[in-house]
Amino acid sequence: MIKLLIADNHPITRKGLEVLFSASPNVEIVGSLDDGEAILEFVKKNPVDIILTEADFPKLNGLTVLRYLKNDYPDIKTIIFSNQPEEVYAINTIKAGASGYLNKSVNVITITEAVSKVHDGGIYLSNELTQQLAFGTRVNKGGAYYKKLSTREAEVLKLLTVGRKNKEISKELDINEKTVSTYKARLMRKLKVTNLVDLVNQAKVTAEL
């Protein structure tokens with residue numbers, strides 16, 4: 001029996017996933033949470049095999065959660081379930097410790113297949129992205145920009161695009177503010193902009209290309 005923890009800050013999404021897996025004879029839903037900090041508290045006290053989680057929590061973002069889990073709970077596998085474009089964020093989430101990436105537009109069969117594959121030790125990415133990686137191609141220009149970013153740079157960029165300040169990013173990622181400023185400078189150089197507003201706008205536009 002797969003012990004599955006669901007985490008998403010949208011109640012309707014959590015409920016839909018609960019209904020989906022309640023009919024599965026191979027999956028037991030052990031918890032349903034609404035923020036990243038709750039994930040870390042839950043796994044301290046409860047056995048979990050797989051976490052199916054959103055990436056964009058208000059308090060503790062998914063990449064930060066992944067880093068903690070990778071260090072402290074390496075046997076727990078995580079699938080990111082997000083609205084963000086797969087070609088932009090999937091590879092960096094895998095590098096950060098995830099075992100799979102699902103866009104929220106996928107059908108219910110794909111979700112169950114991903115959970116089964118990850119439980120069996122596999123990595124789940126869409127067939128399209130898997131083929132691109134195999135043949136060294138990419139979907140769009142947006143992906144090219146993001147391939148230049150390290151996992152930490154992508155993490156900082158993600159927090160900047162949702163309005164986090166340097167001090168908030170520093171606290172969440174456990175780095176000093178000067179380091180955050182250094183990452184911002186690198187991001188501006190790599191994304192070819194000269195100020196924070198353009199950086200955030202470039203990130204959003206690039207993700208839509």
# chains A, B, ... in the order shown; residues from 1 in each chain; ligands from 1
$ select_by_dssp --residues "stretch 34-187 of chain A" --states "strand (DSSP E or B)" --output "ChimeraX atom specification"
/A:50-53,77-82,100-103,124
$ write_last_selection --atoms "N, CA and C atoms" --output "short mmCIF file (atom, residue, chain, number, x, y, z; two decimals), in the first residue's frame"
data_model
loop_
_atom_site.label_atom_id
_atom_site.label_comp_id
_atom_site.auth_asym_id
_atom_site.auth_seq_id
_atom_site.Cartn_x
_atom_site.Cartn_y
_atom_site.Cartn_z
N ILE A 50 5.07 8.77 -0.61
CA ILE A 50 5.10 9.76 -1.70
C ILE A 50 4.33 11.00 -1.28
N ILE A 51 4.89 12.16 -1.64
CA ILE A 51 4.19 13.43 -1.44
C ILE A 51 3.83 13.99 -2.82
N LEU A 52 2.56 14.26 -3.02
CA LEU A 52 2.09 14.91 -4.25
C LEU A 52 1.77 16.35 -3.86
N THR A 53 2.60 17.29 -4.32
CA THR A 53 2.53 18.64 -3.76
C THR A 53 2.62 19.75 -4.79
N LYS A 77 9.54 10.06 -1.51
CA LYS A 77 9.59 10.54 -2.89
C LYS A 77 8.54 11.63 -3.09
N THR A 78 8.87 12.61 -3.93
CA THR A 78 8.01 13.77 -4.11
C THR A 78 7.68 13.99 -5.58
N ILE A 79 6.42 14.25 -5.85
CA ILE A 79 5.97 14.63 -7.19
C ILE A 79 5.43 16.06 -7.09
N ILE A 80 5.97 16.95 -7.91
CA ILE A 80 5.48 18.33 -7.96
C ILE A 80 4.28 18.38 -8.91
N PHE A 81 3.18 18.97 -8.42
CA PHE A 81 1.92 19.06 -9.16
C PHE A 81 1.61 20.54 -9.30
N SER A 82 1.88 21.12 -10.49
CA SER A 82 1.92 22.58 -10.58
C SER A 82 1.32 23.11 -11.87
N GLY A 100 9.28 13.46 -9.74
CA GLY A 100 8.35 13.63 -10.84
C GLY A 100 7.81 15.03 -10.91
N TYR A 101 7.27 15.39 -12.07
CA TYR A 101 6.68 16.70 -12.27
C TYR A 101 5.43 16.54 -13.11
N LEU A 102 4.30 17.01 -12.59
CA LEU A 102 3.02 16.94 -13.30
C LEU A 102 2.44 18.33 -13.46
N ASN A 103 2.03 18.67 -14.65
CA ASN A 103 1.28 19.90 -14.83
C ASN A 103 -0.18 19.64 -14.47
N TYR A 124 9.17 10.53 -13.09
CA TYR A 124 8.08 10.82 -14.02
C TYR A 124 8.19 12.23 -14.60
#
$ residues_around --residues "stretch 167-174 of chain A" --least-positions-apart "4" --cutoff "9 Å" --atoms "only C-alpha atoms" --output "PyMOL selection string"
chain A and resi 59-61+64+155-156+159-160+178-180
$ write_last_selection --atoms "N, CA and C atoms" --output "compact mmCIF listing (two decimals), in the first residue's frame"
# COMPACT_ATOMS: atom_id res chain seq x y z
N LYS A 59 3.95 30.34 2.24
CA LYS A 59 4.95 30.40 3.31
C LYS A 59 6.27 29.75 2.93
N LEU A 60 6.23 28.54 2.42
CA LEU A 60 7.46 27.81 2.15
C LEU A 60 7.32 27.15 0.78
N ASN A 61 8.09 27.62 -0.20
CA ASN A 61 7.88 27.14 -1.57
C ASN A 61 8.36 25.71 -1.76
N THR A 64 12.13 24.69 -1.78
CA THR A 64 12.72 24.69 -0.44
C THR A 64 12.32 23.43 0.32
N GLU A 155 15.15 28.93 -7.99
CA GLU A 155 14.41 29.06 -6.74
C GLU A 155 14.25 30.54 -6.35
N VAL A 156 15.34 31.30 -6.46
CA VAL A 156 15.28 32.73 -6.16
C VAL A 156 14.35 33.44 -7.13
N LEU A 159 10.71 32.92 -6.30
CA LEU A 159 10.27 33.73 -5.16
C LEU A 159 10.14 35.20 -5.54
N LEU A 160 11.02 35.70 -6.38
CA LEU A 160 10.91 37.08 -6.83
C LEU A 160 9.64 37.31 -7.64
N LYS A 178 22.93 39.47 1.24
CA LYS A 178 23.94 39.78 0.23
C LYS A 178 23.99 38.68 -0.84
N THR A 179 23.82 37.45 -0.40
CA THR A 179 23.81 36.33 -1.34
C THR A 179 22.59 36.42 -2.26
N VAL A 180 21.46 36.82 -1.70
CA VAL A 180 20.25 37.00 -2.51
C VAL A 180 20.51 38.06 -3.59
$ residues_around --residues "A:Asn26" --least-positions-apart "3" --cutoff "12 Å" --atoms "only C-alpha atoms" --output "ChimeraX atom specification"
/A:1-4,21-23,29,112-113,115-116,119
$ atom_distance --atom1 "atom CA of A:Ser105" --atom2 "atom CA of A:Leu17"
13.3 Å
$ select_by_dssp --residues "stretch 151-207 of chain A" --states "alpha helix (DSSP H)" --output "count of residues only"
45
$ atom_distance --atom1 "atom CA of A:Lys117" --atom2 "atom CA of A:Lys70"
18.8 Å
$ residues_around --residues "A:Leu149" --least-positions-apart "5" --cutoff "9 Å" --atoms "only C-alpha atoms" --output "ChimeraX atom specification"
/A:92,154,187,190
$ write_last_selection --atoms "N, CA and C atoms" --output "PDB file, in the first residue's frame"
ATOM      1  N   ASN A  92      14.677  21.588 -12.968  1.00  0.00           N
ATOM      2  CA  ASN A  92      15.220  22.108 -11.713  1.00  0.00           C
ATOM      3  C   ASN A  92      14.581  21.460 -10.493  1.00  0.00           C
ATOM      4  N   ALA A 154      16.928  29.380 -10.027  1.00  0.00           N
ATOM      5  CA  ALA A 154      15.519  29.190 -10.370  1.00  0.00           C
ATOM      6  C   ALA A 154      14.641  29.379  -9.135  1.00  0.00           C
ATOM      7  N   LEU A 187      20.851  36.609 -12.226  1.00  0.00           N
ATOM      8  CA  LEU A 187      19.606  36.402 -12.980  1.00  0.00           C
ATOM      9  C   LEU A 187      19.408  37.506 -14.009  1.00  0.00           C
ATOM     10  N   LYS A 190      21.792  36.821 -16.880  1.00  0.00           N
ATOM     11  CA  LYS A 190      21.417  35.665 -17.702  1.00  0.00           C
ATOM     12  C   LYS A 190      20.128  35.891 -18.493  1.00  0.00           C
TER      13      LYS A 190
END
$ atom_distance --atom1 "atom CA of A:Ile123" --atom2 "atom CA of A:Val162"
27.8 Å
$ residues_around --residues "A:Leu199" --least-positions-apart "6" --cutoff "8 Å" --atoms "only C-alpha atoms" --output "NGL selection string"
:A and (187-188 or 191 or 193)
$ write_last_selection --atoms "C-alpha atoms" --output "mmCIF file, in the first residue's frame"
data_model
loop_
_atom_site.group_PDB
_atom_site.id
_atom_site.type_symbol
_atom_site.label_atom_id
_atom_site.label_comp_id
_atom_site.auth_asym_id
_atom_site.auth_seq_id
_atom_site.Cartn_x
_atom_site.Cartn_y
_atom_site.Cartn_z
ATOM 1 C CA LEU A 187 19.606 36.402 -12.980
ATOM 2 C CA MET A 188 19.534 39.859 -14.553
ATOM 3 C CA LEU A 191 17.937 36.921 -18.600
ATOM 4 C CA VAL A 193 17.612 42.735 -18.096
#
